[in-house]
Amino acid sequence: MQPLAGQDLLHTQPHPMHWLATATAVSAVIAVSSLFQPPAATATAAGTASAPAAAAPDPSRVTFPVNCGPNRLDVVQKVSGDLDGAGGTQTVAVVRCHTEAGSPPSGVYVLAQPSDPKAAPRIVATLLAPAQRLSVQDVTLQGRAVSATLQGYSSPAVPRYMPDVHKTVKWQWQGGKFVQSELPASTATDGA
């Protein structure tokens, strides 16, 4: 059998150098074409890069100013939203010392994320300090207002299993700070 015309020519057989030259040429074409994009493509890419919204600050990355002794600190509730109307996202965290029974006092803190996303969130406001000896039963966010249902004790003589002070408070950003408003505290003796 005779070879077909051109099969016996050495330069018609693919060699590794041919593949390397072809790959280099294709890479060069792709690299050069990426330099010559239309202006609209560059603007779209830049607009897309700045569009993602910042994630809500994570309370598990914060060291709260609460001394729990040998017990751990629990984040029992959290809500997130734009509390100050500036376009960022803040987190309201309700924390308390861990206990198997009872309701230890709660702390309510507002967290913000620094500009460096790798940095831990920071506490920007204390809405309720544990020293106030109130426990948070529920926290909600409606619009930019944070509301909480609180309970506590009118005196040390009140049994710790039966809180007699119940109130609802609301915090809202006004004039550069969080302003608290609340309904009057009620006690078990109010109706007597």
# chains A, B, ... in the order shown; residues from 1 in each chain; ligands from 1

$ residues_around --residues "Leu83 (chain A)" --least-positions-apart "2" --cutoff "6 Å" --atoms "only C-alpha atoms" --output "list of chain:residue names"
A:Gly81, A:Gly85, A:Arg144

$ residues_around --residues "Pro105 (chain A)" --least-positions-apart "5" --cutoff "8 Å" --atoms "only C-alpha atoms" --output "ChimeraX atom specification"
/A:96-97,130-136

$ residues_around --residues "Ala55 (chain A)" --least-positions-apart "3" --cutoff "10 Å" --atoms "only C-alpha atoms" --output "ChimeraX atom specification"
/A:52,58,80,88-91,113,117

$ closest_atom_pairs --of "region 111-188 of chain A" --to "region 60-77 of chain A" --cutoff "9 Å" --atoms "only C-alpha atoms" --output "JSON lines"
{"residue": "A:Leu111", "atom": "CA", "partner": "A:Val62", "partner_atom": "CA", "distance": 8.6}
{"residue": "A:Ala120", "atom": "CA", "partner": "A:Arg61", "partner_atom": "CA", "distance": 5.7}
{"residue": "A:Pro121", "atom": "CA", "partner": "A:Val62", "partner_atom": "CA", "distance": 6.2}
{"residue": "A:Arg122", "atom": "CA", "partner": "A:Val62", "partner_atom": "CA", "distance": 6.8}
{"residue": "A:Ile123", "atom": "CA", "partner": "A:Val62", "partner_atom": "CA", "distance": 7.9}
{"residue": "A:Ala129", "atom": "CA", "partner": "A:Val66", "partner_atom": "CA", "distance": 8.8}
{"residue": "A:Pro130", "atom": "CA", "partner": "A:Val66", "partner_atom": "CA", "distance": 7.5}
{"residue": "A:Asp138", "atom": "CA", "partner": "A:Gln77", "partner_atom": "CA", "distance": 7.9}
{"residue": "A:Val139", "atom": "CA", "partner": "A:Gln77", "partner_atom": "CA", "distance": 7.2}

$ write_last_selection --atoms "all heavy atoms" --output "CSV table (one decimal), in the first residue's frame"
chain,number,residue,atom,x,y,z
A,111,LEU,N,-24.3,46.2,67.6
A,111,LEU,CA,-23.0,45.9,67.0
A,111,LEU,C,-22.9,46.5,65.6
A,111,LEU,O,-23.9,46.4,64.8
A,111,LEU,CB,-22.8,44.4,66.9
A,111,LEU,CG,-23.1,43.6,68.2
A,111,LEU,CD1,-22.9,42.1,67.9
A,111,LEU,CD2,-22.2,44.0,69.3
A,120,ALA,N,-13.3,42.0,63.8
A,120,ALA,CA,-14.5,41.6,64.6
A,120,ALA,C,-15.4,42.8,64.7
A,120,ALA,O,-15.0,43.9,64.8
A,120,ALA,CB,-14.0,41.2,66.0
A,121,PRO,N,-16.7,42.5,64.8
A,121,PRO,CA,-17.7,43.6,65.0
A,121,PRO,C,-17.4,44.3,66.3
A,121,PRO,O,-16.8,43.8,67.2
A,121,PRO,CB,-19.0,42.9,65.0
A,121,PRO,CG,-18.8,41.6,64.4
A,121,PRO,CD,-17.4,41.2,64.6
A,122,ARG,N,-17.8,45.6,66.4
A,122,ARG,CA,-17.6,46.3,67.6
A,122,ARG,C,-18.9,46.8,68.2
A,122,ARG,O,-19.9,46.9,67.5
A,122,ARG,CB,-16.7,47.5,67.4
A,122,ARG,CG,-17.2,48.5,66.4
A,122,ARG,CD,-16.1,49.6,66.1
A,122,ARG,NE,-16.6,50.5,65.0
A,122,ARG,CZ,-17.3,51.5,65.2
A,122,ARG,NH1,-17.7,51.9,66.4
A,122,ARG,NH2,-17.7,52.3,64.2
A,123,ILE,N,-18.9,46.9,69.5
A,123,ILE,CA,-20.1,47.4,70.2
A,123,ILE,C,-20.2,48.9,70.1
A,123,ILE,O,-19.2,49.6,70.4
A,123,ILE,CB,-20.1,47.0,71.7
A,123,ILE,CG1,-20.0,45.5,71.9
A,123,ILE,CG2,-21.2,47.6,72.5
A,123,ILE,CD1,-19.8,45.0,73.3
A,129,ALA,N,-27.9,47.4,80.2
A,129,ALA,CA,-26.8,46.7,80.8
A,129,ALA,C,-27.2,45.7,81.8
A,129,ALA,O,-28.3,45.8,82.4
A,129,ALA,CB,-26.0,47.8,81.6
A,130,PRO,N,-26.5,44.6,82.0
A,130,PRO,CA,-26.9,43.6,83.0
A,130,PRO,C,-27.0,44.2,84.4
A,130,PRO,O,-27.8,43.6,85.2
A,130,PRO,CB,-25.7,42.6,82.9
A,130,PRO,CG,-25.2,42.7,81.5
A,130,PRO,CD,-25.3,44.2,81.2
A,138,ASP,N,-38.2,39.0,75.0
A,138,ASP,CA,-38.4,39.0,73.5
A,138,ASP,C,-37.8,40.3,73.0
A,138,ASP,O,-37.9,41.4,73.6
A,138,ASP,CB,-39.8,38.9,73.2
A,138,ASP,CG,-40.1,38.7,71.7
A,138,ASP,OD1,-39.3,38.1,71.0
A,138,ASP,OD2,-41.1,39.3,71.2
A,139,VAL,N,-37.2,40.3,71.8
A,139,VAL,CA,-36.7,41.5,71.1
A,139,VAL,C,-37.2,41.4,69.7
A,139,VAL,O,-37.1,40.3,69.1
A,139,VAL,CB,-35.2,41.6,71.3
A,139,VAL,CG1,-34.4,40.5,70.5
A,139,VAL,CG2,-34.7,43.0,70.8

$ select_by_dssp --residues "region 49-104 of chain A" --states "helix (DSSP H, G or I)" --output "ChimeraX atom specification"
/A:49,59-61

$ atom_distance --atom1 "CA of Val158 (chain A)" --atom2 "CA of Gln137 (chain A)"
18.6 Å

$ atom_distance --atom1 "CA of Ala125 (chain A)" --atom2 "CA of Val146 (chain A)"
12.7 Å

$ atom_distance --atom1 "CA of Gly87 (chain A)" --atom2 "CA of Leu128 (chain A)"
24.2 Å

$ select_by_dssp --residues "region 116-167 of chain A" --states "strand (DSSP E or B)" --output "list in words"
Arg122, Ile123, Val124, Ala125, Thr126, Leu127, Leu128, Ser135, Val136, Gln137, Asp138, Val139, Thr140, Leu141, Gln142, Ala145, Val146, Ser147, Ala148, Thr149, Leu150, Gln151, Gly152, Val165, His166 and Lys167 of chain A

$ write_last_selection --atoms "N, CA and C atoms" --output "PDB file, in the first residue's frame"
ATOM      1  N   ARG A 122     -17.811  45.579  66.385  1.00  0.00           N
ATOM      2  CA  ARG A 122     -17.588  46.334  67.621  1.00  0.00           C
ATOM      3  C   ARG A 122     -18.923  46.761  68.218  1.00  0.00           C
ATOM      4  N   ILE A 123     -18.939  46.923  69.520  1.00  0.00           N
ATOM      5  CA  ILE A 123     -20.132  47.388  70.229  1.00  0.00           C
ATOM      6  C   ILE A 123     -20.189  48.901  70.066  1.00  0.00           C
ATOM      7  N   VAL A 124     -21.290  49.407  69.502  1.00  0.00           N
ATOM      8  CA  VAL A 124     -21.434  50.852  69.309  1.00  0.00           C
ATOM      9  C   VAL A 124     -22.435  51.468  70.278  1.00  0.00           C
ATOM     10  N   ALA A 125     -23.242  50.638  70.942  1.00  0.00           N
ATOM     11  CA  ALA A 125     -24.198  51.162  71.926  1.00  0.00           C
ATOM     12  C   ALA A 125     -24.621  50.043  72.873  1.00  0.00           C
ATOM     13  N   THR A 126     -24.865  50.422  74.126  1.00  0.00           N
ATOM     14  CA  THR A 126     -25.439  49.520  75.116  1.00  0.00           C
ATOM     15  C   THR A 126     -26.856  49.995  75.368  1.00  0.00           C
ATOM     16  N   LEU A 127     -27.829  49.178  74.983  1.00  0.00           N
ATOM     17  CA  LEU A 127     -29.234  49.553  75.190  1.00  0.00           C
ATOM     18  C   LEU A 127     -29.713  49.150  76.581  1.00  0.00           C
ATOM     19  N   LEU A 128     -29.217  48.024  77.087  1.00  0.00           N
ATOM     20  CA  LEU A 128     -29.591  47.551  78.423  1.00  0.00           C
ATOM     21  C   LEU A 128     -28.375  46.853  79.014  1.00  0.00           C
ATOM     22  N   SER A 135     -34.364  41.009  82.727  1.00  0.00           N
ATOM     23  CA  SER A 135     -34.216  39.924  81.755  1.00  0.00           C
ATOM     24  C   SER A 135     -35.062  40.229  80.533  1.00  0.00           C
ATOM     25  N   VAL A 136     -34.490  40.012  79.361  1.00  0.00           N
ATOM     26  CA  VAL A 136     -35.199  40.236  78.103  1.00  0.00           C
ATOM     27  C   VAL A 136     -35.959  38.963  77.749  1.00  0.00           C
ATOM     28  N   GLN A 137     -37.256  39.097  77.546  1.00  0.00           N
ATOM     29  CA  GLN A 137     -38.084  37.959  77.158  1.00  0.00           C
ATOM     30  C   GLN A 137     -38.208  37.853  75.643  1.00  0.00           C
ATOM     31  N   ASP A 138     -38.185  39.001  74.976  1.00  0.00           N
ATOM     32  CA  ASP A 138     -38.353  39.012  73.530  1.00  0.00           C
ATOM     33  C   ASP A 138     -37.796  40.319  72.983  1.00  0.00           C
ATOM     34  N   VAL A 139     -37.178  40.258  71.819  1.00  0.00           N
ATOM     35  CA  VAL A 139     -36.697  41.461  71.144  1.00  0.00           C
ATOM     36  C   VAL A 139     -37.150  41.395  69.693  1.00  0.00           C
ATOM     37  N   THR A 140     -37.632  42.532  69.179  1.00  0.00           N
ATOM     38  CA  THR A 140     -38.096  42.591  67.796  1.00  0.00           C
ATOM     39  C   THR A 140     -37.579  43.865  67.142  1.00  0.00           C
ATOM     40  N   LEU A 141     -37.606  43.852  65.829  1.00  0.00           N
ATOM     41  CA  LEU A 141     -37.206  45.025  65.052  1.00  0.00           C
ATOM     42  C   LEU A 141     -38.316  45.331  64.071  1.00  0.00           C
ATOM     43  N   GLN A 142     -38.875  46.535  64.183  1.00  0.00           N
ATOM     44  CA  GLN A 142     -39.889  47.008  63.235  1.00  0.00           C
ATOM     45  C   GLN A 142     -39.376  48.298  62.633  1.00  0.00           C
ATOM     46  N   ALA A 145     -36.961  50.670  64.684  1.00  0.00           N
ATOM     47  CA  ALA A 145     -37.208  50.662  66.127  1.00  0.00           C
ATOM     48  C   ALA A 145     -37.021  49.261  66.697  1.00  0.00           C
ATOM     49  N   VAL A 146     -36.238  49.187  67.770  1.00  0.00           N
ATOM     50  CA  VAL A 146     -36.004  47.930  68.485  1.00  0.00           C
ATOM     51  C   VAL A 146     -36.912  47.926  69.707  1.00  0.00           C
ATOM     52  N   SER A 147     -37.702  46.874  69.861  1.00  0.00           N
ATOM     53  CA  SER A 147     -38.585  46.744  71.021  1.00  0.00           C
ATOM     54  C   SER A 147     -38.201  45.500  71.802  1.00  0.00           C
ATOM     55  N   ALA A 148     -38.378  45.575  73.134  1.00  0.00           N
ATOM     56  CA  ALA A 148     -38.074  44.424  73.982  1.00  0.00           C
ATOM     57  C   ALA A 148     -39.075  44.348  75.121  1.00  0.00           C
ATOM     58  N   THR A 149     -39.426  43.121  75.482  1.00  0.00           N
ATOM     59  CA  THR A 149     -40.249  42.864  76.649  1.00  0.00           C
ATOM     60  C   THR A 149     -39.308  42.466  77.768  1.00  0.00           C
ATOM     61  N   LEU A 150     -39.378  43.185  78.886  1.00  0.00           N
ATOM     62  CA  LEU A 150     -38.457  42.980  79.997  1.00  0.00           C
ATOM     63  C   LEU A 150     -39.210  42.526  81.240  1.00  0.00           C
ATOM     64  N   GLN A 151     -38.511  41.805  82.091  1.00  0.00           N
ATOM     65  CA  GLN A 151     -39.075  41.477  83.395  1.00  0.00           C
ATOM     66  C   GLN A 151     -37.968  41.529  84.435  1.00  0.00           C
ATOM     67  N   GLY A 152     -38.390  41.801  85.674  1.00  0.00           N
ATOM     68  CA  GLY A 152     -37.419  41.909  86.754  1.00  0.00           C
ATOM     69  C   GLY A 152     -38.122  41.819  88.097  1.00  0.00           C
ATOM     70  N   VAL A 165     -41.997  42.680  88.018  1.00  0.00           N
ATOM     71  CA  VAL A 165     -41.901  43.886  87.192  1.00  0.00           C
ATOM     72  C   VAL A 165     -41.886  43.458  85.729  1.00  0.00           C
ATOM     73  N   HIS A 166     -42.796  44.008  84.950  1.00  0.00           N
ATOM     74  CA  HIS A 166     -42.888  43.697  83.521  1.00  0.00           C
ATOM     75  C   HIS A 166     -43.039  45.014  82.770  1.00  0.00           C
ATOM     76  N   LYS A 167     -42.255  45.199  81.738  1.00  0.00           N
ATOM     77  CA  LYS A 167     -42.391  46.415  80.933  1.00  0.00           C
ATOM     78  C   LYS A 167     -41.922  46.165  79.517  1.00  0.00           C
TER      79      LYS A 167
END

$ closest_residue --among "A:Gly143, A:Pro104, A:Pro59, A:Gly176" --to "Val92 (chain A)" --atoms "only C-alpha atoms"
A:Pro59

$ decode --residues "region 96-110 of chain A" --atoms "all heavy atoms" --output "compact mmCIF listing (two decimals), in the first residue's frame"
# COMPACT_ATOMS: atom_id res chain seq x y z
N ARG A 96 -26.64 36.91 77.92
CA ARG A 96 -26.73 36.68 79.37
C ARG A 96 -25.84 35.51 79.73
O ARG A 96 -25.48 34.69 78.87
CB ARG A 96 -28.17 36.44 79.81
CG ARG A 96 -28.77 35.16 79.32
CD ARG A 96 -30.16 34.97 79.86
NE ARG A 96 -30.71 33.72 79.40
CZ ARG A 96 -31.99 33.46 79.32
NH1 ARG A 96 -32.87 34.38 79.65
NH2 ARG A 96 -32.41 32.29 78.91
N CYS A 97 -25.50 35.44 81.00
CA CYS A 97 -24.67 34.34 81.47
C CYS A 97 -25.49 33.05 81.44
O CYS A 97 -26.69 33.05 81.73
CB CYS A 97 -24.18 34.62 82.89
SG CYS A 97 -23.09 36.06 82.97
N HIS A 98 -24.81 31.97 81.08
CA HIS A 98 -25.48 30.68 80.97
C HIS A 98 -25.89 30.17 82.35
O HIS A 98 -25.15 30.29 83.31
CB HIS A 98 -24.55 29.67 80.30
CG HIS A 98 -25.18 28.32 80.15
ND1 HIS A 98 -26.09 28.06 79.15
CD2 HIS A 98 -25.06 27.19 80.88
CE1 HIS A 98 -26.49 26.81 79.25
NE2 HIS A 98 -25.88 26.25 80.30
N THR A 99 -27.09 29.63 82.41
CA THR A 99 -27.59 29.00 83.63
C THR A 99 -28.55 27.90 83.25
O THR A 99 -29.20 27.97 82.21
CB THR A 99 -28.27 30.03 84.55
OG1 THR A 99 -28.68 29.38 85.74
CG2 THR A 99 -29.47 30.66 83.89
N GLU A 100 -28.62 26.89 84.07
CA GLU A 100 -29.55 25.78 83.83
C GLU A 100 -30.95 26.12 84.34
O GLU A 100 -31.94 25.55 83.91
CB GLU A 100 -29.05 24.50 84.49
CG GLU A 100 -27.73 24.00 83.93
CD GLU A 100 -27.78 23.68 82.45
OE1 GLU A 100 -28.82 23.21 81.94
OE2 GLU A 100 -26.75 23.90 81.77
N ALA A 101 -31.04 27.04 85.28
CA ALA A 101 -32.34 27.43 85.85
C ALA A 101 -32.34 28.93 86.12
O ALA A 101 -31.30 29.53 86.36
CB ALA A 101 -32.60 26.66 87.14
N GLY A 102 -33.52 29.53 86.08
CA GLY A 102 -33.64 30.95 86.36
C GLY A 102 -33.41 31.82 85.15
O GLY A 102 -33.18 31.32 84.04
N SER A 103 -33.49 33.11 85.36
CA SER A 103 -33.31 34.08 84.29
C SER A 103 -32.30 35.13 84.74
O SER A 103 -32.65 36.11 85.37
CB SER A 103 -34.64 34.76 83.94
OG SER A 103 -35.55 33.83 83.44
N PRO A 104 -31.03 34.91 84.43
CA PRO A 104 -30.04 35.92 84.80
C PRO A 104 -30.28 37.22 84.04
O PRO A 104 -30.95 37.22 83.00
CB PRO A 104 -28.71 35.28 84.41
CG PRO A 104 -29.07 34.27 83.37
CD PRO A 104 -30.46 33.81 83.68
N PRO A 105 -29.77 38.34 84.55
CA PRO A 105 -29.97 39.62 83.87
C PRO A 105 -29.39 39.58 82.45
O PRO A 105 -28.41 38.91 82.18
CB PRO A 105 -29.20 40.62 84.72
CG PRO A 105 -28.85 39.93 85.98
CD PRO A 105 -28.97 38.47 85.76
N SER A 106 -30.04 40.30 81.57
CA SER A 106 -29.63 40.36 80.16
C SER A 106 -28.88 41.65 79.88
O SER A 106 -29.06 42.67 80.55
CB SER A 106 -30.86 40.31 79.25
OG SER A 106 -31.61 39.14 79.47
N GLY A 107 -28.08 41.60 78.84
CA GLY A 107 -27.47 42.79 78.26
C GLY A 107 -27.93 42.89 76.82
O GLY A 107 -28.07 41.87 76.13
N VAL A 108 -28.20 44.11 76.36
CA VAL A 108 -28.62 44.32 74.98
C VAL A 108 -27.64 45.31 74.36
O VAL A 108 -27.49 46.44 74.84
CB VAL A 108 -30.07 44.87 74.89
CG1 VAL A 108 -30.48 45.06 73.44
CG2 VAL A 108 -31.04 43.93 75.61
N TYR A 109 -26.97 44.87 73.29
CA TYR A 109 -25.91 45.64 72.67
C TYR A 109 -26.15 45.79 71.17
O TYR A 109 -26.65 44.88 70.53
CB TYR A 109 -24.55 44.96 72.90
CG TYR A 109 -24.22 44.80 74.36
CD1 TYR A 109 -24.51 43.61 75.02
CD2 TYR A 109 -23.63 45.83 75.07
CE1 TYR A 109 -24.23 43.45 76.37
CE2 TYR A 109 -23.34 45.69 76.42
CZ TYR A 109 -23.64 44.50 77.06
OH TYR A 109 -23.37 44.36 78.40
N VAL A 110 -25.75 46.95 70.63
CA VAL A 110 -25.81 47.19 69.18
C VAL A 110 -24.40 47.01 68.64
O VAL A 110 -23.44 47.59 69.15
CB VAL A 110 -26.33 48.61 68.87
CG1 VAL A 110 -26.34 48.85 67.36
CG2 VAL A 110 -27.71 48.83 69.46
